[in-house]
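Data file: run_26.tsv. Format and content: TSV, C-alpha atoms.
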chain	number	residue	atom	x	y	z
A	1	MET	CA	-127.03	-85.87	-53.64
A	2	GLY	CA	-127.98	-88.97	-51.76
A	3	HIS	CA	-130.30	-89.44	-48.86
A	4	GLU	CA	-133.24	-88.62	-51.05
A	5	SER	CA	-135.30	-91.12	-49.07
A	6	ASP	CA	-134.46	-89.12	-45.93
A	7	ASP	CA	-135.72	-85.98	-47.64
A	8	ALA	CA	-138.87	-87.78	-48.74
A	9	GLN	CA	-139.56	-88.90	-45.18
A	10	LEU	CA	-139.06	-85.42	-43.79
A	11	ILE	CA	-141.30	-83.93	-46.47
A	12	ASP	CA	-143.95	-86.52	-45.74
A	13	ARG	CA	-143.88	-85.62	-42.05
A	14	PHE	CA	-144.02	-81.93	-42.93
A	15	LYS	CA	-147.10	-82.48	-45.08
A	16	LYS	CA	-148.78	-84.32	-42.21
A	17	GLY	CA	-148.39	-81.26	-40.04
A	18	GLU	CA	-144.96	-81.64	-38.46
A	19	THR	CA	-143.78	-78.31	-39.84
A	20	PRO	CA	-140.76	-77.98	-37.49
A	21	VAL	CA	-139.02	-80.80	-39.40
A	22	PHE	CA	-138.41	-78.23	-42.11
A	23	GLU	CA	-135.52	-76.96	-40.03
A	24	ARG	CA	-133.72	-80.25	-40.62
A	25	LEU	CA	-133.94	-79.66	-44.36
A	26	VAL	CA	-132.60	-76.14	-43.88
A	27	ILE	CA	-129.65	-77.41	-41.84
A	28	LYS	CA	-128.95	-80.10	-44.42
A	29	TYR	CA	-128.88	-77.81	-47.45
A	30	GLN	CA	-128.05	-74.37	-46.07
A	31	ASP	CA	-124.35	-74.53	-46.95
A	32	ARG	CA	-124.91	-75.62	-50.52
A	33	ILE	CA	-127.65	-73.10	-51.16
A	34	TYR	CA	-125.71	-70.28	-49.54
A	35	ASN	CA	-122.58	-71.24	-51.50
A	36	LEU	CA	-124.51	-71.11	-54.77
A	37	CYS	CA	-126.09	-67.76	-53.90
A	38	ARG	CA	-122.75	-66.35	-52.84
A	39	HIS	CA	-121.10	-67.27	-56.11
A	40	MET	CA	-124.01	-66.04	-58.18
A	41	LEU	CA	-124.48	-62.74	-56.37
A	42	GLY	CA	-120.93	-61.99	-55.35
A	43	ASN	CA	-121.52	-60.63	-51.87
A	44	ALA	CA	-122.45	-62.04	-48.49
A	45	HIS	CA	-125.39	-59.72	-47.79
A	46	ASP	CA	-127.31	-60.48	-50.97
A	47	ALA	CA	-126.34	-64.12	-50.73
A	48	GLU	CA	-127.88	-64.48	-47.28
A	49	ASP	CA	-131.04	-62.65	-48.33
A	50	ALA	CA	-131.39	-64.80	-51.43
A	51	ALA	CA	-130.70	-67.99	-49.50
A	52	GLN	CA	-133.26	-67.01	-46.85
A	53	ASP	CA	-135.82	-66.26	-49.57
A	54	THR	CA	-135.07	-69.62	-51.16
A	55	PHE	CA	-135.93	-71.55	-48.02
A	56	ILE	CA	-138.99	-69.42	-47.32
A	57	LYS	CA	-140.28	-70.08	-50.84
A	58	ALA	CA	-139.54	-73.77	-50.40
A	59	TYR	CA	-141.46	-73.83	-47.11
A	60	ARG	CA	-144.47	-72.19	-48.72
A	61	GLY	CA	-144.41	-74.49	-51.72
A	62	LEU	CA	-143.58	-77.73	-49.95
A	63	HIS	CA	-147.17	-78.91	-49.65
A	64	GLY	CA	-147.41	-78.92	-53.44
A	65	PHE	CA	-144.06	-80.68	-53.90
A	66	LYS	CA	-144.39	-84.00	-55.70
A	67	PRO	CA	-142.74	-86.84	-53.76
A	68	GLU	CA	-141.33	-88.52	-56.87
A	69	ALA	CA	-139.22	-85.46	-57.70
A	70	SER	CA	-135.87	-84.68	-56.10
A	71	PHE	CA	-136.14	-82.14	-53.31
A	72	TYR	CA	-132.53	-81.20	-53.83
A	73	THR	CA	-132.94	-80.21	-57.48
A	74	TRP	CA	-136.23	-78.47	-56.73
A	75	LEU	CA	-134.59	-76.43	-53.97
A	76	TYR	CA	-131.69	-75.55	-56.25
A	77	ARG	CA	-134.07	-74.41	-58.93
A	78	ILE	CA	-135.72	-72.03	-56.47
A	79	ALA	CA	-132.28	-70.75	-55.46
A	80	VAL	CA	-131.16	-70.16	-59.06
A	81	ASN	CA	-134.39	-68.34	-59.95
A	82	THR	CA	-134.21	-66.27	-56.77
A	83	CYS	CA	-130.64	-65.24	-57.55
A	84	LEU	CA	-131.58	-64.38	-61.13
A	85	ASP	CA	-134.38	-62.18	-59.78
A	86	TYR	CA	-131.99	-60.52	-57.35
A	87	LYS	CA	-129.62	-59.74	-60.18
A	88	LYS	CA	-132.37	-58.25	-62.33
A	89	ARG	CA	-133.92	-56.34	-59.46
A	90	PRO	CA	-131.83	-53.16	-59.07
A	91	PHE	CA	-133.05	-51.10	-62.02
A	92	LEU	CA	-130.19	-48.67	-61.97
A	93	ARG	CA	-127.67	-51.46	-61.81
A	94	SER	CA	-129.14	-52.97	-64.91
A	95	VAL	CA	-129.13	-49.64	-66.72
A	96	LEU	CA	-125.88	-48.15	-65.56
A	97	LYS	CA	-123.82	-51.26	-65.16
A	98	ILE	CA	-123.59	-53.49	-68.19
A	99	HIS	CA	-122.19	-56.36	-66.20
A	100	ASN	CA	-123.05	-57.44	-62.69
A	101	GLU	CA	-119.87	-56.84	-60.77
A	102	PRO	CA	-119.37	-58.30	-57.32
A	103	ASP	CA	-119.34	-55.88	-54.42
A	104	GLU	CA	-116.62	-57.76	-52.65
A	105	PRO	CA	-113.23	-58.81	-53.90
A	106	ALA	CA	-112.89	-62.38	-55.05
A	107	PRO	CA	-112.28	-64.83	-52.24
A	108	GLU	CA	-108.80	-66.09	-51.60
A	109	PRO	CA	-108.09	-69.20	-53.64
A	110	ALA	CA	-107.98	-72.43	-51.70
A	111	SER	CA	-104.45	-73.12	-52.77
A	112	ASP	CA	-101.70	-75.05	-51.11
A	113	GLU	CA	-98.99	-73.13	-52.94
A	114	SER	CA	-96.54	-71.61	-50.46
A	115	SER	CA	-94.47	-69.51	-52.88
A	116	PRO	CA	-95.51	-65.82	-52.74
A	117	GLU	CA	-95.25	-65.50	-56.51
A	118	LYS	CA	-97.46	-68.49	-57.09
A	119	LEU	CA	-99.92	-67.30	-54.49
A	120	TYR	CA	-100.04	-63.88	-56.15
A	121	GLU	CA	-100.54	-65.40	-59.60
A	122	SER	CA	-103.18	-67.70	-58.27
A	123	LYS	CA	-104.99	-64.82	-56.62
A	124	GLN	CA	-104.83	-62.70	-59.78
A	125	LEU	CA	-106.20	-65.58	-61.78
A	126	MET	CA	-109.07	-66.02	-59.36
A	127	LEU	CA	-109.81	-62.29	-59.47
A	128	THR	CA	-109.92	-62.45	-63.25
A	129	LEU	CA	-112.11	-65.54	-63.19
A	130	HIS	CA	-114.42	-63.95	-60.65
A	131	LYS	CA	-114.72	-60.78	-62.68
A	132	ALA	CA	-115.30	-62.64	-65.94
A	133	LEU	CA	-117.93	-64.83	-64.27
A	134	GLY	CA	-119.81	-61.73	-63.17
A	135	MET	CA	-119.80	-60.48	-66.74
A	136	LEU	CA	-121.46	-63.55	-68.18
A	137	PRO	CA	-125.13	-63.46	-69.19
A	138	LEU	CA	-127.15	-64.70	-66.20
A	139	LYS	CA	-128.26	-68.02	-67.69
A	140	LEU	CA	-124.76	-68.94	-68.76
A	141	GLN	CA	-123.40	-67.91	-65.37
A	142	ALA	CA	-125.94	-70.09	-63.59
A	143	ALA	CA	-125.07	-73.06	-65.82
A	144	ILE	CA	-121.33	-72.67	-65.22
A	145	LEU	CA	-121.74	-72.33	-61.45
A	146	LEU	CA	-124.04	-75.32	-61.16
A	147	ARG	CA	-121.59	-77.42	-63.12
A	148	GLU	CA	-118.26	-76.18	-61.85
A	149	VAL	CA	-119.05	-75.19	-58.27
A	150	GLU	CA	-121.89	-77.50	-57.39
A	151	GLY	CA	-120.72	-80.39	-59.54
A	152	LEU	CA	-124.15	-81.22	-60.88
A	153	SER	CA	-124.53	-83.53	-63.83
A	154	TYR	CA	-126.15	-82.35	-67.05
A	155	SER	CA	-129.31	-84.34	-66.37
A	156	GLU	CA	-129.55	-82.91	-62.83
A	157	MET	CA	-129.15	-79.42	-64.19
A	158	ALA	CA	-131.75	-80.08	-66.88
A	159	GLU	CA	-134.23	-81.25	-64.26
A	160	MET	CA	-133.38	-78.39	-61.96
A	161	LEU	CA	-133.66	-75.64	-64.53
A	162	GLY	CA	-136.56	-77.18	-66.43
A	163	ILE	CA	-134.64	-77.31	-69.71
A	164	SER	CA	-133.38	-80.05	-71.99
A	165	VAL	CA	-129.99	-81.69	-71.59
A	166	GLY	CA	-129.11	-80.29	-75.02
A	167	THR	CA	-129.75	-76.76	-73.76
A	168	VAL	CA	-127.61	-77.46	-70.68
A	169	LYS	CA	-124.76	-78.64	-72.93
A	170	SER	CA	-125.11	-75.58	-75.10
A	171	ARG	CA	-125.13	-73.15	-72.16
A	172	ILE	CA	-122.08	-74.72	-70.54
A	173	SER	CA	-120.18	-74.80	-73.82
A	174	ARG	CA	-121.08	-71.20	-74.64
A	175	GLY	CA	-120.45	-70.12	-71.07
A	176	ARG	CA	-116.94	-71.56	-71.09
A	177	GLU	CA	-116.09	-70.07	-74.47
A	178	GLU	CA	-117.35	-66.71	-73.31
A	179	LEU	CA	-115.39	-67.01	-70.05
A	180	LYS	CA	-112.20	-67.70	-71.96
A	181	LYS	CA	-112.70	-64.64	-74.16
A	182	LEU	CA	-113.55	-62.44	-71.17
A	183	MET	CA	-110.57	-63.62	-69.18
A	184	LYS	CA	-108.24	-62.93	-72.09
A	185	LYS	CA	-109.77	-59.50	-72.53
A	186	ILE	CA	-109.48	-58.68	-68.83
A	187	GLY	CA	-105.92	-59.96	-68.82
A	188	GLU	CA	-105.02	-57.71	-71.76
A	189	GLN	CA	-106.48	-54.67	-70.01
A	190	LYS	CA	-104.13	-55.09	-67.05
B	1	MET	CA	-115.22	-85.28	-87.52
B	2	ARG	CA	-115.10	-81.62	-88.46
B	3	CYS	CA	-113.55	-79.05	-86.16
B	4	SER	CA	-116.80	-77.08	-85.98
B	5	LYS	CA	-118.54	-80.15	-84.58
B	6	ALA	CA	-115.63	-81.11	-82.35
B	7	ARG	CA	-115.54	-77.69	-80.70
B	8	LYS	CA	-119.17	-78.04	-79.69
B	9	LEU	CA	-118.48	-81.38	-78.02
B	10	ILE	CA	-115.39	-80.41	-76.06
B	11	SER	CA	-117.23	-79.16	-72.96
B	12	ALA	CA	-119.37	-82.28	-72.68
B	13	PHE	CA	-116.25	-84.40	-73.30
B	14	ILE	CA	-114.41	-82.78	-70.41
B	15	ASP	CA	-117.46	-83.25	-68.20
B	16	LYS	CA	-117.66	-86.93	-69.21
B	17	GLU	CA	-121.16	-86.37	-70.52
B	18	LEU	CA	-120.63	-87.61	-74.05
B	19	PRO	CA	-122.07	-90.91	-75.24
B	20	GLU	CA	-119.41	-93.54	-75.87
B	21	LYS	CA	-119.53	-93.38	-79.66
B	22	LYS	CA	-119.19	-89.58	-79.82
B	23	ARG	CA	-116.47	-89.62	-77.18
B	24	ARG	CA	-114.33	-92.01	-79.25
B	25	ARG	CA	-114.84	-90.00	-82.42
B	26	LEU	CA	-113.83	-86.80	-80.64
B	27	GLU	CA	-110.79	-88.44	-79.09
B	28	ASP	CA	-109.71	-89.62	-82.55
B	29	HIS	CA	-110.15	-86.09	-83.86
B	30	LEU	CA	-108.18	-84.53	-81.00
B	31	LYS	CA	-105.27	-86.88	-81.74
B	32	VAL	CA	-104.85	-85.39	-85.19
B	33	CYS	CA	-106.08	-81.79	-84.77
B	34	GLY	CA	-103.74	-79.48	-82.88
B	35	LYS	CA	-106.14	-76.53	-82.80
B	36	CYS	CA	-108.99	-78.51	-81.31
B	37	ARG	CA	-106.59	-80.16	-78.87
B	38	LYS	CA	-105.46	-76.71	-77.76
B	39	ALA	CA	-109.09	-75.62	-77.35
B	40	SER	CA	-109.74	-78.73	-75.30
B	41	ASP	CA	-106.71	-78.07	-73.08
B	42	GLU	CA	-107.82	-74.48	-72.51
B	43	THR	CA	-111.30	-75.61	-71.53
B	44	LEU	CA	-109.84	-78.20	-69.18
B	45	THR	CA	-107.59	-75.56	-67.60
B	46	LEU	CA	-110.54	-73.22	-67.18
B	47	SER	CA	-112.59	-75.92	-65.55
B	48	GLY	CA	-109.65	-76.71	-63.29
B	49	LEU	CA	-109.60	-73.16	-61.97
B	50	PHE	CA	-112.91	-73.76	-60.27
B	51	ILE	CA	-111.39	-76.50	-58.16
B	52	ASP	CA	-109.61	-73.76	-56.25
B	53	THR	CA	-112.83	-71.85	-55.79
B	54	VAL	CA	-113.62	-71.37	-52.14
B	55	ARG	CA	-116.75	-73.02	-50.85
B	56	PHE	CA	-118.76	-70.76	-48.58
B	57	ASP	CA	-120.62	-72.09	-45.59
B	58	ALA	CA	-123.86	-70.51	-44.49
B	59	PRO	CA	-123.19	-67.86	-41.84
B	60	TYR	CA	-123.58	-68.69	-38.20
B	61	GLY	CA	-127.23	-68.84	-37.12
B	62	PHE	CA	-128.56	-68.92	-40.67
B	63	HIS	CA	-131.06	-71.74	-40.14
B	64	ALA	CA	-132.27	-70.16	-36.89
B	65	ARG	CA	-132.97	-66.91	-38.76
B	66	VAL	CA	-134.84	-68.79	-41.48
B	67	MET	CA	-137.04	-70.51	-38.90
B	68	ALA	CA	-137.54	-67.24	-37.00
B	69	ASN	CA	-138.67	-65.53	-40.22
B	70	LEU	CA	-141.05	-68.36	-40.95
B	71	ASN	CA	-142.44	-68.32	-37.40
B	72	ASN	CA	-142.95	-64.55	-37.56
B	73	ALA	CA	-144.71	-64.85	-40.89
B	74	GLU	CA	-146.96	-67.59	-39.54
B	75	ALA	CA	-147.73	-65.56	-36.43
B	76	LYS	CA	-148.84	-62.72	-38.67
B	77	GLY	CA	-150.89	-65.21	-40.67
B	78	PHE	CA	-149.05	-65.19	-43.93
B	79	HIS	CA	-150.88	-66.45	-46.90
B	80	GLU	CA	-150.01	-67.05	-50.47
B	81	ALA	CA	-150.45	-63.46	-51.51
B	82	ALA	CA	-149.77	-62.86	-55.15
B	83	THR	CA	-146.68	-60.80	-55.69
B	84	PRO	CA	-147.47	-57.95	-58.00
B	85	THR	CA	-145.98	-58.64	-61.37
B	86	ARG	CA	-143.85	-56.19	-63.22
B	87	THR	CA	-146.73	-55.58	-65.64
B	88	ALA	CA	-149.03	-54.71	-62.76
B	89	TRP	CA	-146.49	-52.18	-61.44
B	90	VAL	CA	-146.09	-50.57	-64.86
B	91	VAL	CA	-149.86	-50.34	-65.37
B	92	THR	CA	-150.31	-48.82	-61.90
B	93	LEU	CA	-147.57	-46.29	-62.54
B	94	LEU	CA	-149.01	-45.32	-65.91
B	95	ALA	CA	-152.50	-44.98	-64.39
B	96	ALA	CA	-151.10	-42.71	-61.68
B	97	VAL	CA	-149.30	-40.54	-64.24
B	98	VAL	CA	-152.33	-40.29	-66.50
B	99	GLY	CA	-154.61	-39.57	-63.54
B	100	GLY	CA	-152.23	-36.88	-62.38
B	101	LEU	CA	-152.15	-35.27	-65.80
B	102	ILE	CA	-155.94	-35.26	-66.09
B	103	SER	CA	-156.37	-33.89	-62.56
B	104	GLY	CA	-153.77	-31.26	-63.24
B	105	ALA	CA	-155.52	-30.17	-66.40
B	106	PHE	CA	-158.83	-29.71	-64.55
B	107	LEU	CA	-157.18	-27.83	-61.70
B	108	ALA	CA	-155.31	-25.58	-64.10
B	109	ASN	CA	-158.55	-24.63	-65.88
B	110	ASP	CA	-160.33	-23.86	-62.59
B	111	LEU	CA	-157.58	-21.74	-61.06
B	112	ALA	CA	-156.50	-19.90	-64.15
B	113	PRO	CA	-159.38	-19.51	-66.56
B	114	VAL	CA	-158.42	-18.96	-70.14
B	115	LYS	CA	-158.26	-15.28	-70.97
B	116	THR	CA	-160.07	-14.48	-74.21
B	117	LYS	CA	-160.45	-11.14	-75.93
B	118	ASP	CA	-164.02	-10.82	-74.60
B	119	THR	CA	-163.09	-11.37	-70.99
B	120	VAL	CA	-160.19	-8.93	-71.26
B	121	MET	CA	-162.41	-6.30	-72.90
B	122	ALA	CA	-165.12	-6.83	-70.27
B	123	SER	CA	-162.61	-6.21	-67.54
B	124	LEU	CA	-161.67	-2.90	-69.16
B	125	HIS	CA	-165.27	-1.67	-69.66
B	126	LEU	CA	-165.87	1.85	-68.34
B	127	SER	CA	-168.78	0.65	-66.22
B	128	VAL	CA	-166.29	-0.52	-63.63
B	129	PHE	CA	-165.46	3.15	-63.00
B	130	GLU	CA	-169.13	4.24	-62.40
B	131	SER	CA	-170.15	5.26	-58.91
B	132	ALA	CA	-172.70	2.51	-58.88
B	133	PRO	CA	-171.63	-0.19	-61.36
B	134	PRO	CA	-174.32	-2.69	-62.37
B	135	ASP	CA	-173.27	-5.47	-60.00
B	136	SER	CA	-172.40	-3.24	-57.05
B	137	LEU	CA	-174.16	-2.77	-53.72
B	138	GLY	CA	-174.58	0.92	-54.53
B	139	ARG	CA	-176.66	0.17	-57.59
B	140	ALA	CA	-178.74	-2.32	-55.66
B	141	TYR	CA	-179.39	0.37	-52.97
B	142	LEU	CA	-180.38	2.96	-55.58
B	143	LEU	CA	-182.79	0.53	-57.22
B	144	ALA	CA	-184.31	-0.27	-53.88
B	145	MET	CA	-184.75	3.46	-53.13
B	146	GLU	CA	-186.36	4.09	-56.55
B	147	GLY	CA	-188.77	1.31	-55.83
B	148	LYS	CA	-189.77	2.93	-52.50
B	149	ASN	CA	-190.21	6.36	-54.11
B	150	GLU	CA	-192.56	4.94	-56.68
B	151	GLU	CA	-194.67	3.50	-53.90

This structure in structure tokens:
Amino acid sequence: MGHESDDAQLIDRFKKGETPVFERLVIKYQDRIYNLCRHMLGNAHDAEDAAQDTFIKAYRGLHGFKPEASFYTWLYRIAVNTCLDYKKRPFLRSVLKIHNEPDEPAPEPASDESSPEKLYESKQLMLTLHKALGMLPLKLQAAILLREVEGLSYSEMAEMLGISVGTVKSRISRGREELKKLMKKIGEQK
Amino acid sequence: MRCSKARKLISAFIDKELPEKKRRRLEDHLKVCGKCRKASDETLTLSGLFIDTVRFDAPYGFHARVMANLNNAEAKGFHEAATPTRTAWVVTLLAAVVGGLISGAFLANDLAPVKTKDTVMASLHLSVFESAPPDSLGRAYLLAMEGKNEE
């Protein structure tokens, strides 16, 4: 998460009227924000929309951003909240579908295994994980993704989500236990 | 350490987020408790699955589209307009429904007046079959002629 001083300098220039420097922040964080949105929303279309919205909201709110805070965690917080809103948005989906299921199949695992059987097992496992992740309550899903995919520490997540470290610990612990149960259940259904 | 407490610490232990003292106590517990050790192994395995998760890069031209959207919005003079809240939408919808019901009630009364016994009886009165019913042009003509004759 380094280069926070670089971010601070860019933000300072932005606040002084050099608004085009915002593009450098977009280029710097676009992959991480898009990756988070993609994992939370499960499809490329929604992920791009959510990631675009995230940067637009950041642009609009940047003048009020406090320099002592971390731009990175602030941006992530916007992204998480945007994705949570996207997931809540489709009324019918929330009524008719109990769990948010991804519209696209799970991505191929980044595995070095060459054996077809191992590749198949690995892919099935990833499909199950992907499906179970989509079935988690939104807050638990966000906590798991920020920890497992983005590799954030508990304190970073606490700052990002505006919650205590204790709550972060609880959500990750509950999220993992719930994931295990869901994966076993999905596995038994096959 | 009890198993109930140990289970709650396993996630933080795997993430190396436990304070030193708690970490040692949990490690001591895991050495002697097979069930908690199994739970810890399962959690570790689960966490390990995410290592194979693909990382997605932003699609080609993403930052250009962001900047284009921002430039378009600035050109149109975007401002910090308040986004209607869900409550505002619900209130607006309810007001529209209630307004529609009230309007509909008024319209229904105007177009289809309530038929009472009196109005039905009035419509069947024999005077409607007279050659010059009270409200007719014929009666008005006759009255006018009577008035002339008297003069």

**Message:** I'd like the contact shell of range 12-24 of chain B - 9 Å cut-off, all atoms listed in the file, skipping same-chain residues fewer than 4 positions apart - returned as a PyMOL selection string.
**Reply:** (chain A and resi 147+153-154+169+172-173) or (chain B and resi 8+28-29+40+43-44+47)

Identify, on the basis of all atoms listed in the file, every residue whose closest approach to Phe62 in chain B does not exceed 10 Å; exclude the query and any residue fewer than 5 positions from it along the same chain; express the result as JSON, numbers by chain.
{"A": [26, 27, 30, 31, 34, 48, 51, 52], "B": [57, 67, 68]}

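In this structure, CA of Asp6 in chain A sits 15.5 Å away from CA of Thr19 in chain A.
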
Find the residues of chain B in contact range of chain A, meaning any atom within 6 Å when counting all atoms listed in the file, and list them as a compact mmCIF listing (two decimals) with C-alpha atoms, keeping the file's coordinate frame.
# COMPACT_ATOMS: atom_id res chain seq x y z
CA SER B 11 -117.23 -79.16 -72.96
CA ASP B 52 -109.61 -73.76 -56.25
CA THR B 53 -112.83 -71.85 -55.79
CA VAL B 54 -113.62 -71.37 -52.14
CA PHE B 56 -118.76 -70.76 -48.58
CA ASP B 57 -120.62 -72.09 -45.59
CA ALA B 58 -123.86 -70.51 -44.49
CA HIS B 63 -131.06 -71.74 -40.14
CA VAL B 66 -134.84 -68.79 -41.48

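Put simply, CA of Leu146 in chain A is 12.2 Å away from CA of Glu159 in chain A.
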
Edge lengths and centre, in Å to one decimal, as AutoDock Vina command-line options: that's what I need for the box along x, y and z that holds all listed atoms of range 76-83 of chain A plus 8 Å on each side.
--center_x -133.2 --center_y -70.4 --center_z -57.7 --size_x 21.1 --size_y 26.3 --size_z 20.5

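Non-sequential neighbours of Ser5 in chain A (distance at most 12 Å, separation of 3 or more positions within a chain, all atoms listed in the file) are Met1, Gly2, Ala8, Gln9, Leu10, Ile11, Asp12, Pro67, Glu68, Ala69, Ser70, Phe71 and Tyr72 of chain A.
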
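Reported to one decimal place, the separation of CA of Lys57 in chain A from CA of Ala79 in chain A is 9.3 Å.
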
Pro137 in chain A: which residues within 9 Å, counting all atoms listed in the file, same-chain residues fewer than 4 positions away excluded, as a list in words? His99, Leu133, Gln141, Ala142 and Gly175 of chain A

Please output range 35-50 of chain B, rebuilt to include N, CA, C and O atoms, as a compact mmCIF listing (two decimals), keeping the file's coordinate frame.
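Listing of result26.txt after writing:
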# COMPACT_ATOMS: atom_id res chain seq x y z
N LYS B 35 -105.34 -77.70 -83.23
CA LYS B 35 -106.14 -76.53 -82.80
C LYS B 35 -107.24 -76.97 -81.84
O LYS B 35 -107.47 -76.33 -80.81
N CYS B 36 -107.92 -78.04 -82.18
CA CYS B 36 -108.99 -78.51 -81.31
C CYS B 36 -108.42 -79.06 -80.00
O CYS B 36 -109.03 -78.92 -78.94
N ARG B 37 -107.23 -79.64 -80.09
CA ARG B 37 -106.59 -80.16 -78.87
C ARG B 37 -106.24 -79.00 -77.94
O ARG B 37 -106.42 -79.06 -76.72
N LYS B 38 -105.79 -77.91 -78.54
CA LYS B 38 -105.46 -76.71 -77.76
C LYS B 38 -106.73 -76.15 -77.11
O LYS B 38 -106.72 -75.78 -75.93
N ALA B 39 -107.81 -76.11 -77.89
CA ALA B 39 -109.09 -75.62 -77.35
C ALA B 39 -109.54 -76.50 -76.20
O ALA B 39 -110.05 -76.02 -75.17
N SER B 40 -109.36 -77.79 -76.35
CA SER B 40 -109.74 -78.73 -75.30
C SER B 40 -108.90 -78.53 -74.04
O SER B 40 -109.42 -78.51 -72.92
N ASP B 41 -107.60 -78.31 -74.23
CA ASP B 41 -106.71 -78.07 -73.08
C ASP B 41 -107.09 -76.80 -72.35
O ASP B 41 -107.08 -76.73 -71.11
N GLU B 42 -107.44 -75.77 -73.13
CA GLU B 42 -107.82 -74.48 -72.51
C GLU B 42 -109.09 -74.65 -71.69
O GLU B 42 -109.21 -74.10 -70.59
N THR B 43 -110.03 -75.40 -72.25
CA THR B 43 -111.30 -75.61 -71.53
C THR B 43 -111.06 -76.42 -70.26
O THR B 43 -111.65 -76.13 -69.21
N LEU B 44 -110.17 -77.38 -70.36
CA LEU B 44 -109.84 -78.20 -69.18
C LEU B 44 -109.17 -77.34 -68.11
O LEU B 44 -109.47 -77.45 -66.91
N THR B 45 -108.28 -76.46 -68.54
CA THR B 45 -107.59 -75.56 -67.60
C THR B 45 -108.60 -74.64 -66.92
O THR B 45 -108.53 -74.42 -65.70
N LEU B 46 -109.51 -74.11 -67.72
CA LEU B 46 -110.54 -73.22 -67.18
C LEU B 46 -111.37 -73.94 -66.13
O LEU B 46 -111.62 -73.42 -65.05
N SER B 47 -111.77 -75.14 -66.48
CA SER B 47 -112.59 -75.92 -65.55
C SER B 47 -111.81 -76.20 -64.27
O SER B 47 -112.37 -76.19 -63.17
N GLY B 48 -110.50 -76.42 -64.44
CA GLY B 48 -109.65 -76.71 -63.29
C GLY B 48 -109.53 -75.54 -62.32
O GLY B 48 -109.29 -75.74 -61.12
N LEU B 49 -109.70 -74.33 -62.85
CA LEU B 49 -109.60 -73.16 -61.97
C LEU B 49 -110.67 -73.18 -60.88
O LEU B 49 -110.47 -72.68 -59.78
N PHE B 50 -111.80 -73.75 -61.22
CA PHE B 50 -112.91 -73.76 -60.27
C PHE B 50 -112.66 -74.70 -59.09
O PHE B 50 -113.33 -74.59 -58.07
